[in-house]
$ cat data.csv   # CSV, C-alpha atoms and all ligand atoms
chain,number,residue,atom,x,y,z
R,1036,MET,CA,-97.2,211.9,78.8
R,1037,GLU,CA,-98.4,215.5,79.3
R,1038,LYS,CA,-97.4,217.1,82.7
R,1039,PHE,CA,-99.9,219.1,84.7
R,1040,ILE,CA,-100.0,221.0,88.0
R,1041,THR,CA,-102.4,218.8,90.0
R,1042,LYS,CA,-105.0,220.8,92.0
R,1043,ILE,CA,-106.7,219.3,95.0
R,1044,GLN,CA,-110.1,220.8,95.4
R,1045,SER,CA,-111.7,220.3,98.8
R,1046,ILE,CA,-115.5,220.0,98.9
R,1047,GLU,CA,-117.1,222.5,101.3
R,1048,SER,CA,-120.3,221.3,102.9
R,1049,ASN,CA,-121.9,224.8,103.0
R,1050,ILE,CA,-121.6,225.6,99.3
R,1051,PRO,CA,-123.9,223.9,96.7
R,1052,LEU,CA,-122.1,221.0,95.0
R,1053,LYS,CA,-123.2,222.4,91.6
R,1054,GLU,CA,-121.1,225.5,92.1
R,1055,GLN,CA,-118.1,223.5,93.3
R,1056,LEU,CA,-118.0,221.0,90.5
R,1057,ASN,CA,-118.2,223.4,87.5
R,1058,PHE,CA,-114.4,223.1,86.8
R,1059,ALA,CA,-114.5,219.3,87.2
R,1060,SER,CA,-117.4,218.8,84.9
R,1061,GLU,CA,-115.9,221.1,82.3
R,1062,LEU,CA,-112.8,219.0,82.3
R,1063,ILE,CA,-114.9,215.8,81.8
R,1064,LYS,CA,-116.9,217.4,79.0
R,1065,THR,CA,-113.6,218.4,77.2
R,1066,GLY,CA,-112.2,214.9,77.4
R,1067,GLU,CA,-109.9,215.3,80.4
R,1068,VAL,CA,-109.5,213.0,83.4
R,1069,VAL,CA,-110.5,213.9,87.0
R,1070,ALA,CA,-110.1,212.0,90.3
R,1071,PHE,CA,-113.3,211.9,92.4
R,1072,PRO,CA,-114.6,210.2,95.6
R,1073,THR,CA,-117.2,207.4,95.7
R,1074,GLU,CA,-118.4,205.5,98.7
R,1075,THR,CA,-115.9,202.7,98.0
R,1076,VAL,CA,-112.6,204.1,96.7
R,1077,TYR,CA,-111.6,207.1,94.6
R,1078,GLY,CA,-112.1,206.8,90.9
R,1079,LEU,CA,-110.1,208.2,87.9
R,1080,GLY,CA,-112.9,209.4,85.7
R,1081,GLY,CA,-113.4,210.4,82.1
R,1082,ASP,CA,-116.3,210.6,79.6
R,1083,ALA,CA,-117.3,206.9,79.0
R,1084,LEU,CA,-118.5,207.8,75.5
R,1085,ASN,CA,-115.3,209.6,74.4
R,1086,PRO,CA,-112.5,207.1,73.2
R,1087,GLU,CA,-109.9,209.9,73.7
R,1088,ALA,CA,-110.7,210.3,77.4
R,1089,ILE,CA,-110.6,206.5,77.8
R,1090,ARG,CA,-107.2,206.3,76.2
R,1091,LYS,CA,-106.0,208.9,78.7
R,1092,ILE,CA,-107.3,206.9,81.7
R,1093,TYR,CA,-105.4,203.7,80.5
R,1094,SER,CA,-102.2,205.7,79.9
R,1095,ILE,CA,-102.3,207.7,83.2
R,1096,LYS,CA,-103.0,204.6,85.3
R,1097,GLY,CA,-100.6,202.3,83.4
R,1098,ARG,CA,-103.5,199.9,83.0
R,1099,PRO,CA,-103.3,197.0,80.5
R,1100,SER,CA,-105.7,197.8,77.6
R,1101,ASP,CA,-107.4,194.4,78.0
R,1102,ASN,CA,-108.8,195.2,81.4
R,1103,PRO,CA,-112.2,197.0,80.9
R,1104,LEU,CA,-113.5,199.9,83.0
R,1105,ILE,CA,-116.6,200.4,85.2
R,1106,VAL,CA,-119.0,203.0,83.8
R,1107,HIS,CA,-120.6,205.1,86.5
R,1108,ILE,CA,-124.1,206.5,86.1
R,1109,SER,CA,-126.4,208.8,88.1
R,1110,GLY,CA,-129.8,207.7,87.0
R,1111,GLU,CA,-131.9,205.3,84.9
R,1112,ASP,CA,-131.8,207.6,81.8
R,1113,MET,CA,-128.0,207.1,81.6
R,1114,LEU,CA,-128.4,203.3,82.1
R,1115,TYR,CA,-130.4,203.1,78.9
R,1116,GLU,CA,-127.8,205.0,76.9
R,1117,LEU,CA,-125.4,202.1,77.8
R,1118,VAL,CA,-127.8,199.1,77.4
R,1119,ASP,CA,-130.8,198.3,75.3
R,1120,GLU,CA,-133.8,198.2,77.7
R,1121,ASP,CA,-135.3,195.1,76.0
R,1122,LYS,CA,-132.1,193.2,76.4
R,1123,LEU,CA,-131.8,193.8,80.2
R,1124,SER,CA,-132.8,190.6,82.0
R,1125,GLU,CA,-135.3,190.5,84.9
R,1126,THR,CA,-132.4,189.5,87.1
R,1127,ALA,CA,-130.4,192.6,86.2
R,1128,LYS,CA,-133.5,194.8,86.7
R,1129,ARG,CA,-134.1,193.3,90.1
R,1130,LEU,CA,-130.4,193.8,91.2
R,1131,ILE,CA,-130.7,197.4,90.0
R,1132,GLU,CA,-133.8,197.9,92.1
R,1133,CYS,CA,-132.3,196.4,95.2
R,1134,PHE,CA,-128.7,197.9,95.1
R,1135,PHE,CA,-128.5,201.0,92.9
R,1136,PRO,CA,-127.2,203.4,94.0
R,1137,GLY,CA,-124.7,201.5,96.0
R,1138,PRO,CA,-121.5,199.4,96.0
R,1139,LEU,CA,-122.6,196.9,93.4
R,1140,THR,CA,-121.4,196.7,89.7
R,1141,ILE,CA,-123.3,194.7,87.2
R,1142,ILE,CA,-122.0,193.2,84.0
R,1143,VAL,CA,-124.6,193.3,81.2
R,1144,GLU,CA,-124.8,193.3,77.4
R,1145,LYS,CA,-123.8,196.7,76.1
R,1146,SER,CA,-125.5,198.9,73.5
R,1147,GLY,CA,-124.0,200.2,70.3
R,1148,ASN,CA,-123.3,203.6,71.9
R,1149,VAL,CA,-120.4,202.4,74.0
R,1150,PRO,CA,-117.0,202.7,72.5
R,1151,ASN,CA,-115.0,199.5,72.3
R,1152,ALA,CA,-112.1,201.1,74.2
R,1153,THR,CA,-114.3,201.5,77.3
R,1154,THR,CA,-115.0,197.7,77.5
R,1155,SER,CA,-111.7,196.5,76.0
R,1156,GLY,CA,-113.6,195.2,73.0
R,1157,LEU,CA,-116.0,193.1,75.1
R,1158,ASP,CA,-119.8,192.9,74.2
R,1159,THR,CA,-120.5,193.4,77.9
R,1160,ILE,CA,-120.2,196.5,80.1
R,1161,ALA,CA,-119.7,197.0,83.8
R,1162,ILE,CA,-122.2,199.5,85.3
R,1163,ARG,CA,-122.4,201.1,88.7
R,1164,TRP,CA,-124.4,203.9,90.2
R,1165,PRO,CA,-122.4,205.1,93.2
R,1166,ALA,CA,-124.1,206.2,96.4
R,1167,ASN,CA,-122.0,209.3,96.9
R,1168,ASN,CA,-123.3,212.9,96.4
R,1169,VAL,CA,-120.1,214.3,95.0
R,1170,ALA,CA,-119.9,211.4,92.4
R,1171,ASN,CA,-123.5,211.7,91.5
R,1172,SER,CA,-123.4,215.5,91.1
R,1173,LEU,CA,-120.3,215.2,89.0
R,1174,ILE,CA,-121.9,212.7,86.6
R,1175,GLN,CA,-125.0,214.8,86.3
R,1176,LEU,CA,-123.2,218.0,85.6
R,1177,SER,CA,-120.9,216.3,83.1
R,1178,GLU,CA,-124.1,215.1,81.3
R,1179,THR,CA,-122.4,211.8,80.4
R,1180,PRO,CA,-121.7,208.5,82.1
R,1181,ILE,CA,-118.2,208.5,83.6
R,1182,ALA,CA,-115.8,205.6,83.1
R,1183,ALA,CA,-113.6,205.2,86.2
R,1184,PRO,CA,-111.2,202.6,87.5
R,1185,SER,CA,-109.8,203.1,91.0
R,1186,ALA,CA,-107.5,206.1,91.0
R,1187,ASN,CA,-104.3,204.3,91.8
R,1188,THR,CA,-101.4,203.4,89.6
R,1189,SER,CA,-102.0,199.9,88.3
R,1190,GLY,CA,-100.8,197.3,90.9
R,1191,LYS,CA,-100.9,199.6,93.9
R,1192,PRO,CA,-103.5,199.7,96.7
R,1193,SER,CA,-106.7,201.5,95.8
R,1194,PRO,CA,-106.8,205.1,97.1
R,1195,THR,CA,-109.4,206.0,99.8
R,1196,ASN,CA,-108.5,209.6,100.3
R,1197,ALA,CA,-107.2,212.6,98.2
R,1198,LYS,CA,-103.7,212.4,99.6
R,1199,ASP,CA,-103.3,208.8,98.4
R,1200,VAL,CA,-104.6,209.7,95.0
R,1201,PHE,CA,-102.1,212.6,94.9
R,1202,GLU,CA,-99.3,210.2,95.7
R,1203,ASP,CA,-100.0,208.3,92.5
R,1204,MET,CA,-101.4,211.0,90.2
R,1205,GLU,CA,-99.4,214.1,90.9
R,1206,GLY,CA,-98.4,215.8,87.6
R,1207,LYS,CA,-100.6,213.3,85.6
R,1208,ILE,CA,-104.0,214.9,86.0
R,1209,LYS,CA,-105.3,218.5,86.5
R,1210,LEU,CA,-107.8,217.9,89.3
R,1211,ILE,CA,-108.4,215.7,92.4
R,1212,ILE,CA,-111.8,216.4,94.1
R,1213,ASP,CA,-111.3,215.9,97.8
R,1214,GLY,CA,-114.4,214.6,99.4
R,1215,GLY,CA,-112.7,213.1,102.5
R,1216,SER,CA,-112.0,209.5,103.3
R,1217,THR,CA,-114.3,207.0,101.6
R,1218,GLU,CA,-116.8,205.2,103.8
R,1219,ILE,CA,-116.4,201.6,102.7
R,1220,GLY,CA,-112.7,201.6,101.8
R,1221,PHE,CA,-112.5,198.8,99.2
R,1222,GLU,CA,-114.1,198.3,95.7
R,1223,SER,CA,-117.6,197.4,94.7
R,1224,THR,CA,-119.0,193.8,94.4
R,1225,VAL,CA,-118.9,192.9,90.7
R,1226,VAL,CA,-121.7,190.6,89.5
R,1227,ASP,CA,-122.0,189.1,86.0
R,1228,VAL,CA,-125.6,188.8,84.9
R,1229,HIS,CA,-125.1,189.1,81.2
R,1230,ASP,CA,-126.1,185.6,80.4
R,1231,SER,CA,-129.2,184.6,82.3
R,1232,LYS,CA,-129.0,180.9,81.1
R,1233,SER,CA,-125.7,180.4,82.9
R,1234,GLY,CA,-126.8,182.0,86.1
R,1235,ILE,CA,-125.1,184.9,87.8
R,1236,SER,CA,-121.5,185.0,89.0
R,1237,ILE,CA,-119.7,187.1,91.6
R,1238,LEU,CA,-116.5,188.1,89.8
R,1239,ARG,CA,-115.2,190.3,92.7
R,1240,PRO,CA,-116.6,190.1,96.3
R,1241,GLY,CA,-117.4,193.3,98.1
R,1242,LYS,CA,-119.7,194.9,100.6
R,1243,VAL,CA,-122.8,193.6,98.9
R,1244,THR,CA,-122.6,189.9,99.9
R,1245,PRO,CA,-123.9,186.7,98.1
R,1246,GLU,CA,-126.6,186.4,100.9
R,1247,GLU,CA,-127.9,189.9,100.2
R,1248,ILE,CA,-128.0,189.1,96.5
R,1249,GLU,CA,-129.9,185.9,97.2
R,1250,LEU,CA,-132.4,187.8,99.4
R,1251,CYS,CA,-132.9,190.4,96.7
R,1252,LEU,CA,-133.6,187.9,93.9
R,1253,LYS,CA,-135.9,185.7,96.0
R,1254,VAL,CA,-136.4,183.2,93.1
R,1255,PRO,CA,-134.0,180.3,93.0
R,1256,PHE,CA,-130.9,180.9,90.8
R,1257,VAL,CA,-127.5,179.5,90.1
R,1258,LEU,CA,-124.8,181.5,91.9
R,1259,HIS,CA,-121.2,180.9,90.8
R,1260,ASP,CA,-118.8,182.5,93.2
R,1261,LEU,CA,-115.8,182.7,90.9
R,1262,SER,CA,-113.9,185.2,93.0
R,1263,ASN,CA,-112.4,182.5,95.2
R,1264,SER,CA,-111.6,179.8,92.7
R,1265,ASN,CA,-108.8,179.2,90.2
R,1266,HIS,CA,-111.0,179.1,87.1
R,1267,THR,CA,-109.1,178.5,83.9
R,1268,VAL,CA,-111.3,180.9,82.0
R,1269,ILE,CA,-110.7,184.4,83.3
R,1270,ARG,CA,-114.2,185.9,83.4
R,1271,SER,CA,-113.1,189.3,84.8
R,1272,PRO,CA,-110.0,190.4,83.0
R,1273,GLY,CA,-108.8,192.4,86.0
R,1274,MET,CA,-108.4,189.3,88.1
R,1275,LYS,CA,-105.3,188.1,86.4
R,1276,TYR,CA,-103.2,191.1,87.2
R,1277,ARG,CA,-101.3,191.8,90.4
R,1278,HIS,CA,-103.2,194.0,92.8
R,1279,TYR,CA,-103.0,196.1,95.9
R,1280,ALA,CA,-99.3,195.3,96.3
R,1281,PRO,CA,-97.4,197.5,98.9
R,1282,LYS,CA,-93.6,197.5,98.8
R,1283,ALA,CA,-93.6,195.7,102.1
R,1284,LYS,CA,-93.9,191.9,102.4
R,1285,ILE,CA,-97.2,190.8,104.0
R,1286,ILE,CA,-97.7,187.9,106.3
R,1287,LEU,CA,-101.3,186.9,107.0
R,1288,VAL,CA,-102.1,185.2,110.3
R,1289,SER,CA,-105.4,184.4,112.0
R,1290,THR,CA,-104.5,184.6,115.7
R,1291,SER,CA,-102.7,186.9,118.0
R,1292,GLN,CA,-100.3,184.1,119.0
R,1293,GLN,CA,-99.3,183.6,115.4
R,1294,ALA,CA,-98.8,187.3,115.0
R,1295,ILE,CA,-96.5,187.4,118.0
R,1296,HIS,CA,-94.6,184.4,116.7
R,1297,GLU,CA,-94.0,186.2,113.4
R,1298,LEU,CA,-92.8,189.3,115.2
R,1299,GLU,CA,-90.3,187.2,117.0
R,1300,ARG,CA,-89.2,185.3,113.9
R,1301,ASN,CA,-88.6,188.5,112.0
R,1302,LYS,CA,-86.7,190.5,114.5
R,1303,SER,CA,-84.4,192.4,112.2
R,1304,SER,CA,-86.8,193.9,109.7
R,1305,LYS,CA,-88.7,197.1,110.1
R,1306,LYS,CA,-92.2,195.9,110.9
R,1307,GLY,CA,-95.8,197.1,111.0
R,1308,ILE,CA,-98.8,195.2,112.3
R,1309,PHE,CA,-102.5,195.1,111.8
R,1310,ILE,CA,-104.1,193.4,114.8
R,1311,SER,CA,-107.6,193.2,116.2
R,1312,LYS,CA,-106.9,193.1,119.9
R,1313,ASN,CA,-106.3,196.4,121.7
R,1314,SER,CA,-105.1,194.5,124.7
R,1315,LEU,CA,-102.0,193.5,122.7
R,1316,ASN,CA,-101.0,197.1,122.3
R,1317,ALA,CA,-98.9,197.2,125.5
R,1318,VAL,CA,-97.2,193.9,124.6
R,1319,LEU,CA,-96.3,195.2,121.1
R,1320,LYS,CA,-94.8,198.3,122.5
R,1321,SER,CA,-92.9,196.9,125.5
R,1322,ARG,CA,-91.8,193.5,124.2
R,1323,PHE,CA,-91.2,194.4,120.6
R,1324,ASN,CA,-90.5,198.1,121.0
R,1325,MET,CA,-93.0,199.0,118.3
R,1326,PRO,CA,-93.9,202.6,117.7
R,1327,GLU,CA,-97.6,203.5,118.0
R,1328,HIS,CA,-97.9,204.6,114.4
R,1329,LEU,CA,-96.9,201.2,113.1
R,1330,ILE,CA,-99.6,199.4,115.0
R,1331,PHE,CA,-103.1,199.4,113.5
R,1332,CYS,CA,-105.5,198.0,116.1
R,1333,TYR,CA,-109.0,197.6,114.7
R,1334,SER,CA,-112.3,196.9,116.5
R,1335,SER,CA,-114.5,195.5,113.7
R,1336,SER,CA,-114.2,194.1,110.2
R,1337,LYS,CA,-116.0,197.2,109.0
R,1338,GLU,CA,-113.4,199.4,110.5
R,1339,PHE,CA,-110.6,197.2,109.1
R,1340,GLY,CA,-112.2,197.3,105.6
R,1341,SER,CA,-112.5,201.1,105.6
R,1342,LYS,CA,-108.8,201.6,106.6
R,1343,PHE,CA,-106.6,198.8,105.5
R,1344,PHE,CA,-105.7,200.2,102.0
R,1345,LYS,CA,-104.9,203.6,103.7
R,1346,LYS,CA,-102.7,201.8,106.3
R,1347,LEU,CA,-100.8,199.8,103.6
R,1348,ARG,CA,-99.9,203.1,102.0
R,1349,GLU,CA,-98.9,204.7,105.2
R,1350,MET,CA,-96.6,201.8,106.1
R,1351,ASP,CA,-95.0,202.0,102.6
R,1352,ARG,CA,-94.3,205.7,103.2
R,1353,GLU,CA,-92.6,204.8,106.5
R,1354,GLY,CA,-90.3,202.3,104.7
R,1355,VAL,CA,-91.8,199.3,106.6
R,1356,GLU,CA,-90.4,196.0,105.1
R,1357,LEU,CA,-92.8,193.6,106.7
R,1358,ILE,CA,-96.5,193.9,107.6
R,1359,ILE,CA,-98.0,191.2,109.8
R,1360,ILE,CA,-101.8,191.2,109.4
R,1361,GLN,CA,-104.1,189.3,111.8
R,1362,PHE,CA,-107.5,188.9,110.3
R,1363,SER,CA,-109.9,186.0,110.7
R,1364,ASP,CA,-113.5,187.0,109.8
R,1365,THR,CA,-115.0,184.1,107.9
R,1366,SER,CA,-118.3,185.8,107.0
R,1367,SER,CA,-119.1,186.9,103.4
R,1368,PHE,CA,-118.0,190.5,104.3
R,1369,GLY,CA,-114.8,189.1,105.7
R,1370,ASN,CA,-114.3,187.1,102.5
R,1371,ALA,CA,-114.4,190.3,100.5
R,1372,ILE,CA,-111.6,191.7,102.7
R,1373,PHE,CA,-109.6,188.4,102.5
R,1374,ASP,CA,-109.8,188.6,98.7
R,1375,ARG,CA,-107.8,191.9,98.8
R,1376,LEU,CA,-105.5,190.7,101.6
R,1377,LYS,CA,-104.5,187.6,99.6
R,1378,LYS,CA,-103.8,189.6,96.5
R,1379,ALA,CA,-101.8,192.1,98.5
R,1380,ALA,CA,-99.8,189.3,100.2
R,1381,SER,CA,-99.1,187.2,97.1
R,1382,ASN,CA,-95.9,187.8,95.3
R,1383,LEU,CA,-97.2,187.1,91.8
R,1401,LIG,O1,-115.8,200.4,93.7
R,1401,LIG,C1,-115.4,200.4,92.5
R,1401,LIG,O2,-115.8,199.5,91.7
R,1401,LIG,C2,-114.3,201.4,92.1
R,1401,LIG,C3,-115.0,202.8,92.1
R,1401,LIG,C4,-114.1,203.8,91.5
R,1401,LIG,O3,-116.2,202.7,91.4
R,1401,LIG,N1,-113.9,201.1,90.7
R,1401,LIG,C5,-113.1,200.0,90.5
R,1401,LIG,O4,-112.7,199.9,89.1
R,1401,LIG,O5,-112.7,199.2,91.3
R,1401,LIG,P1,-111.5,198.9,88.7
R,1401,LIG,O6,-111.2,199.3,87.3
R,1401,LIG,O7,-110.3,199.1,89.6
R,1401,LIG,O8,-112.1,197.5,88.7
R,1401,LIG,C6,-113.0,197.1,87.7
R,1401,LIG,C7,-113.1,195.6,87.7
R,1401,LIG,C8,-111.9,195.0,87.0
R,1401,LIG,O9,-111.6,193.8,87.7
R,1401,LIG,C9,-112.4,194.7,85.6
R,1401,LIG,O10,-111.7,193.6,85.0
R,1401,LIG,C10,-113.9,194.3,85.8
R,1401,LIG,O11,-114.3,195.2,86.9
R,1401,LIG,N2,-114.7,194.5,84.6
R,1401,LIG,C11,-115.0,195.7,84.0
R,1401,LIG,N3,-115.7,195.5,82.9
R,1401,LIG,C12,-115.9,194.1,82.8
R,1401,LIG,C13,-116.6,193.3,81.9
R,1401,LIG,N4,-117.3,193.8,80.9
R,1401,LIG,N5,-116.6,191.9,82.2
R,1401,LIG,C14,-116.0,191.4,83.3
R,1401,LIG,N6,-115.3,192.2,84.2
R,1401,LIG,C15,-115.3,193.5,84.0
R,1402,MG,MG,-108.6,198.9,90.7
$ encode --input "data.csv" --output "structure tokens"
Amino acid sequence: MEKFITKIQSIESNIPLKEQLNFASELIKTGEVVAFPTETVYGLGGDALNPEAIRKIYSIKGRPSDNPLIVHISGEDMLYELVDEDKLSETAKRLIECFFPGPLTIIVEKSGNVPNATTSGLDTIAIRWPANNVANSLIQLSETPIAAPSANTSGKPSPTNAKDVFEDMEGKIKLIIDGGSTEIGFESTVVDVHDSKSGISILRPGKVTPEEIELCLKVPFVLHDLSNSNHTVIRSPGMKYRHYAPKAKIILVSTSQQAIHELERNKSSKKGIFISKNSLNAVLKSRFNMPEHLIFCYSSSKEFGSKFFKKLREMDREGVELIIIQFSDTSSFGNAIFDRLKKAASNL
């Protein structure tokens, strides 16, 4: 693979984005790959209509070629380059009205313009319009839809800040656009609406919940939540691969007592802990002699969601061998976080 000096370009709030994104959009237009922020996680972007750029994304990320990419747009005009308007179902149109731009990806039938490489040869395409100014400006200036998986090396936690992108991408790409920490902290909800007869399916849970989707569609519909089940047919190719795996072993618990029990049981290993009760802080420090930076106390699921990928990477850098995670939110939003935690914890 070609070696580059990787530049990190910080976005300044007092300079027009257009001026700051000239270099990035030139790179996209010439078939290069650029990392950029979205409201969910950082993406590793290239021109979605250029098979050579797509080849680079797969090779840099080490991504299996049968795992298709999400194509990012910044307006309706771009949507209709990727799908034929008359083939877009009412359900898809309604979801677009409700949630675009935002953390929802829809799977629909693709048009003839989209190279096979982008969709791994599938007839369908994943489309998302991110709600992030930097991402939108980059897409507009590049004058093409941008295909972008999360900007991590395959199998590692998704990056939520420029430093985490740099850790995986140093020397592999020319440019990382630093737009600060991402707001949501984990990837978009993926909804399959390509076949209106068989209903709609949530392939990957996310910040947009099944309840919000139901509220948007108003009319009765069949909702298959496949994200939680062991379906024999893999509908979203990415689901069969190992994800989010830190080097440390992860133990998931639901209560503080269980967390303490695990700390006691694993006395010898270097441990980190994610725990929701600030009051436990003192116990952790005195009884278990835990240094402050290896304790992540969170106050809400939203905060947990926005920081846990970052914390997993921090603990890896610290050489932590075991991470005990206490999390017990049973809401749909909590379920989206659980999906990642289970994948991070499983030793597939
Ligand atoms: O928030 C996000 O979605 C981030 C940011 C960068 O936008 N992107 C992201 O991309 O998470 P990636 O590549 O890490 O995950 C895309 C998921 C994979 O599980 C993939 O298999 C699935 O979407 N996917 C893509 N195209 C598909 C298709 N045509 N049918 C079914 N699943 C598809
Ligand atoms: Mg990913």
$ closest_residue --input "data.csv" --among "R:Thr1159, R:Asn1085, R:Gln1044, R:Asn1167" --to "ligand LIG 1401 (chain R)" --atoms "all atoms listed in the file"
R:Thr1159
$ atom_distance --input "data.csv" --atom1 "CA of Asp1203 in chain R" --atom2 "atom O5 of ligand LIG 1401 (chain R)"
15.7 Å
$ residues_around --input "data.csv" --residues "Lys1337 in chain R" --least-positions-apart "3" --cutoff "12 Å" --atoms "all atoms listed in the file" --output "list in words"
Glu1218, Ile1219, Gly1220, Phe1221, Gly1241, Lys1242, Ser1311, Tyr1333, Ser1334, Gly1340, Ser1341, Lys1342, Phe1343, Phe1362, Asp1364, Ser1366, Phe1368, Gly1369, Ala1371 and Ile1372 of chain R
$ closest_atom_pairs --input "data.csv" --of "chain R" --to "ligand MG 1402 (chain R)" --cutoff "8 Å" --atoms "all atoms listed in the file" --output "CSV"
residue,atom,partner,partner_atom,distance
R:Pro1184,CA,R:MG1402,MG,5.5
R:Ser1185,CA,R:MG1402,MG,4.4
R:Ala1186,CA,R:MG1402,MG,7.3
R:Asn1187,CA,R:MG1402,MG,7.0
R:Ser1189,CA,R:MG1402,MG,7.1
R:Gly1190,CA,R:MG1402,MG,8.0
R:Pro1192,CA,R:MG1402,MG,7.9
R:Ser1193,CA,R:MG1402,MG,6.0
R:Glu1222,CA,R:MG1402,MG,7.5
R:His1278,CA,R:MG1402,MG,7.6
$ closest_residue --input "data.csv" --among "R:Ala1183, R:Leu1130, R:Met1036, R:Leu1319" --to "ligand LIG 1401 (chain R)" --atoms "all atoms listed in the file"
R:Ala1183
$ closest_residue --input "data.csv" --among "R:Leu1117, R:Ala1182, R:Cys1133, R:Ile1040" --to "ligand LIG 1401 (chain R)" --atoms "only C-alpha atoms and all ligand atoms"
R:Ala1182
$ closest_residue --input "data.csv" --among "R:Ala1166, R:Val1226, R:Ile1212, R:Ala1161" --to "ligand LIG 1401 (chain R)" --atoms "all atoms listed in the file"
R:Ala1161
$ decode --input "data.csv" --residues "range 1044-1055 of chain R" --atoms "N, CA, C and O atoms" --output "mmCIF file, in the first residue's frame"
data_model
loop_
_atom_site.group_PDB
_atom_site.id
_atom_site.type_symbol
_atom_site.label_atom_id
_atom_site.label_comp_id
_atom_site.auth_asym_id
_atom_site.auth_seq_id
_atom_site.Cartn_x
_atom_site.Cartn_y
_atom_site.Cartn_z
ATOM 1 N N GLN R 1044 -6.226 18.254 9.734
ATOM 2 C CA GLN R 1044 -6.622 19.645 9.539
ATOM 3 C C GLN R 1044 -7.769 20.002 10.481
ATOM 4 O O GLN R 1044 -8.873 19.467 10.370
ATOM 5 N N SER R 1045 -7.498 20.919 11.431
ATOM 6 C CA SER R 1045 -8.544 21.324 12.383
ATOM 7 C C SER R 1045 -9.478 22.326 11.737
ATOM 8 O O SER R 1045 -9.023 23.263 11.075
ATOM 9 N N ILE R 1046 -10.757 22.133 11.955
ATOM 10 C CA ILE R 1046 -11.733 23.083 11.429
ATOM 11 C C ILE R 1046 -11.843 24.275 12.382
ATOM 12 O O ILE R 1046 -12.009 24.102 13.588
ATOM 13 N N GLU R 1047 -11.686 25.472 11.822
ATOM 14 C CA GLU R 1047 -11.782 26.706 12.626
ATOM 15 C C GLU R 1047 -13.186 27.279 12.460
ATOM 16 O O GLU R 1047 -13.665 27.418 11.329
ATOM 17 N N SER R 1048 -13.796 27.663 13.586
ATOM 18 C CA SER R 1048 -15.191 28.114 13.489
ATOM 19 C C SER R 1048 -15.333 29.503 12.845
ATOM 20 O O SER R 1048 -16.400 29.859 12.366
ATOM 21 N N ASN R 1049 -14.248 30.271 12.820
ATOM 22 C CA ASN R 1049 -14.359 31.640 12.289
ATOM 23 C C ASN R 1049 -14.000 31.767 10.805
ATOM 24 O O ASN R 1049 -13.983 32.857 10.261
ATOM 25 N N ILE R 1050 -13.694 30.669 10.151
ATOM 26 C CA ILE R 1050 -13.361 30.719 8.715
ATOM 27 C C ILE R 1050 -14.420 29.925 7.945
ATOM 28 O O ILE R 1050 -14.807 28.842 8.386
ATOM 29 N N PRO R 1051 -14.921 30.451 6.809
ATOM 30 C CA PRO R 1051 -15.947 29.712 6.057
ATOM 31 C C PRO R 1051 -15.474 28.293 5.712
ATOM 32 O O PRO R 1051 -14.325 28.104 5.285
ATOM 33 N N LEU R 1052 -16.379 27.328 5.898
ATOM 34 C CA LEU R 1052 -16.033 25.923 5.644
ATOM 35 C C LEU R 1052 -15.531 25.720 4.229
ATOM 36 O O LEU R 1052 -14.622 24.940 3.975
ATOM 37 N N LYS R 1053 -16.160 26.438 3.308
ATOM 38 C CA LYS R 1053 -15.814 26.336 1.891
ATOM 39 C C LYS R 1053 -14.294 26.520 1.678
ATOM 40 O O LYS R 1053 -13.680 25.769 0.928
ATOM 41 N N GLU R 1054 -13.747 27.520 2.371
ATOM 42 C CA GLU R 1054 -12.302 27.778 2.233
ATOM 43 C C GLU R 1054 -11.465 26.654 2.845
ATOM 44 O O GLU R 1054 -10.407 26.308 2.337
ATOM 45 N N GLN R 1055 -11.987 26.117 3.950
ATOM 46 C CA GLN R 1055 -11.186 25.131 4.685
ATOM 47 C C GLN R 1055 -11.223 23.743 4.046
ATOM 48 O O GLN R 1055 -10.388 22.897 4.340
#
